[in-house]
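Written below as structure tokens is the structure these notes are about.
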Amino acid sequence: MNTGDELEQIAGAFNSTMQKINDLKEAREIFLRNILHEFRTPVMKGKIIAGINKDDEFRDDLKQIFSRQEIILNEIVKIEKFSSHDWELEFNEYRAIDLLDHAMDLLLRDDTWRIKIFTSEQAEIFNVDYELFATAIKNLLDNALKYSKNNVEVQILQGTFSIVSEGEPLEASRLDFSRIFNRKSEVAGSGLGLGIYIANQIFIKHGLELKYIHKSRKNIFVISKNNNK
């Protein structure tokens, strides 16, 4: 076999591989589009029915339920695009408090009153992708509220976000935020996997670092600039 034949075979194999990758990507997009369509249709119908209901209190409850479902679907699309590297980050400067407000809007919880905010007198500014960064903060807040019965503190000081909640220290097996789940947490079914994994991946994309500290019976997650960058 001469060099020309070898190069032709390599080129053919490369083209075949690229075609399979494109086919898989197209199949994924079609699958996601169909799934979202199936979910969005009943949500839209539910919102219409809620709008014509004569019971004011019941109507408002239904509207809130279906609006929350719509937000969740939009967030699924957002995370899927990010995970498949189809999301191009749009960096702009935002006040930290505005990012936090949006994160709290995304929480879809009734106990956000437990979140206590502490900021410096000077407005902290972050150069981030608004939607993705708020989603990451939301994931950390959701875990803090879920696993602590007391108030959750958000400290925004000197270019860092710190989310503080009371609780026992996390097990060492759960501190590798680069992994979605581990065998132990899968069996336990106690969470603290996917949400923090996604948040960590978003922070990495922003050149930030997620650190965990346990001090004085408090779990502390700190988002700060990565000194290795």
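Labels for the structure tokens follow display order: chains A, B, ..., residues from 1 in each chain, ligands from 1.
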Self-check item: Non-local contacts of A:Gln158 (10 Å; only C-alpha atoms; under 3 positions in same chain excluded) as a PyMOL selection string
Solution: chain A and resi 119-120+122-125+155+161+224
Would you mind exporting the chosen residues as a short mmCIF file (atom, residue, chain, number, x, y, z; two decimals), in the first residue's frame, restricted to C-alpha atoms?
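Okay, selection_4.cif is ready:
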data_model
loop_
_atom_site.label_atom_id
_atom_site.label_comp_id
_atom_site.auth_asym_id
_atom_site.auth_seq_id
_atom_site.Cartn_x
_atom_site.Cartn_y
_atom_site.Cartn_z
CA THR A 119 -22.67 43.28 51.06
CA SER A 120 -19.90 45.83 51.26
CA GLN A 122 -19.15 49.57 47.50
CA ALA A 123 -21.21 47.84 44.81
CA GLU A 124 -19.46 44.65 43.71
CA ILE A 125 -19.28 44.24 39.92
CA GLN A 155 -21.89 37.43 51.64
CA PHE A 161 -19.69 35.32 46.62
CA SER A 224 -13.72 33.69 43.74
#
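For the pair atom CA of A:Asn143 and atom CA of A:Asn74, the separation is 20.2 Å.
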Quiz item: Which is closer to A:Asp98 than all the others in A:Glu171, A:Glu70, A:Glu131, A:Glu80, using only C-alpha atoms?
Solution: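 Looking only at the distances to A:Asp98, the closest residue turns out to be A:Glu131.
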Practice problem: Excluding stretch 106-116 of chain A and any residue of its chain fewer than 5 positions from it, enumerate the residues within 12 Å of it, using only C-alpha atoms, and give them as a VMD selection string. | Solution: chain A and resid 64 to 75 99 to 101 131 to 146 148 to 156 162 to 165
Could those residues be written to a file, using C-alpha atoms, as a PDB file, in the first residue's frame?
ATOM      1  CA  GLN A  64     -48.156  30.317  39.179  1.00  0.00           C
ATOM      2  CA  ILE A  65     -47.803  26.553  38.765  1.00  0.00           C
ATOM      3  CA  PHE A  66     -47.707  26.662  34.975  1.00  0.00           C
ATOM      4  CA  SER A  67     -45.411  29.694  34.934  1.00  0.00           C
ATOM      5  CA  ARG A  68     -42.984  27.785  37.141  1.00  0.00           C
ATOM      6  CA  GLN A  69     -43.138  24.805  34.803  1.00  0.00           C
ATOM      7  CA  GLU A  70     -42.328  27.099  31.896  1.00  0.00           C
ATOM      8  CA  ILE A  71     -39.317  28.527  33.722  1.00  0.00           C
ATOM      9  CA  ILE A  72     -38.070  25.010  34.476  1.00  0.00           C
ATOM     10  CA  LEU A  73     -38.347  24.010  30.800  1.00  0.00           C
ATOM     11  CA  ASN A  74     -36.424  27.096  29.741  1.00  0.00           C
ATOM     12  CA  GLU A  75     -33.747  26.266  32.282  1.00  0.00           C
ATOM     13  CA  LEU A  99     -27.212  38.692  39.762  1.00  0.00           C
ATOM     14  CA  LEU A 100     -28.361  37.482  43.171  1.00  0.00           C
ATOM     15  CA  ASP A 101     -31.879  38.848  42.643  1.00  0.00           C
ATOM     16  CA  GLU A 131     -28.189  33.873  32.775  1.00  0.00           C
ATOM     17  CA  LEU A 132     -25.579  31.190  33.383  1.00  0.00           C
ATOM     18  CA  PHE A 133     -23.956  32.841  36.393  1.00  0.00           C
ATOM     19  CA  ALA A 134     -27.350  33.412  38.033  1.00  0.00           C
ATOM     20  CA  THR A 135     -28.206  29.752  37.377  1.00  0.00           C
ATOM     21  CA  ALA A 136     -25.018  28.646  39.135  1.00  0.00           C
ATOM     22  CA  ILE A 137     -25.736  30.835  42.179  1.00  0.00           C
ATOM     23  CA  LYS A 138     -29.308  29.531  42.187  1.00  0.00           C
ATOM     24  CA  ASN A 139     -28.071  25.927  42.359  1.00  0.00           C
ATOM     25  CA  LEU A 140     -25.906  26.676  45.402  1.00  0.00           C
ATOM     26  CA  LEU A 141     -28.710  28.569  47.138  1.00  0.00           C
ATOM     27  CA  ASP A 142     -31.140  25.740  46.434  1.00  0.00           C
ATOM     28  CA  ASN A 143     -28.849  23.209  48.099  1.00  0.00           C
ATOM     29  CA  ALA A 144     -28.230  25.499  51.070  1.00  0.00           C
ATOM     30  CA  LEU A 145     -31.959  26.037  51.652  1.00  0.00           C
ATOM     31  CA  LYS A 146     -32.714  22.363  51.128  1.00  0.00           C
ATOM     32  CA  SER A 148     -30.426  23.653  56.326  1.00  0.00           C
ATOM     33  CA  LYS A 149     -33.491  24.551  58.401  1.00  0.00           C
ATOM     34  CA  ASN A 150     -32.058  27.896  59.449  1.00  0.00           C
ATOM     35  CA  ASN A 151     -31.273  31.058  57.539  1.00  0.00           C
ATOM     36  CA  VAL A 152     -28.802  31.060  54.656  1.00  0.00           C
ATOM     37  CA  GLU A 153     -26.304  33.897  54.398  1.00  0.00           C
ATOM     38  CA  VAL A 154     -25.016  35.340  51.138  1.00  0.00           C
ATOM     39  CA  GLN A 155     -21.891  37.433  51.641  1.00  0.00           C
ATOM     40  CA  ILE A 156     -20.744  39.561  48.697  1.00  0.00           C
ATOM     41  CA  SER A 162     -19.946  33.255  49.814  1.00  0.00           C
ATOM     42  CA  ILE A 163     -23.009  31.122  50.570  1.00  0.00           C
ATOM     43  CA  VAL A 164     -23.144  30.072  54.215  1.00  0.00           C
ATOM     44  CA  SER A 165     -25.530  27.605  55.871  1.00  0.00           C
TER      45      SER A 165
END
Quiz item: In Å, how far is it from atom CA of A:Val222 to atom CA of A:Leu210?
Solution: 5.7 Å
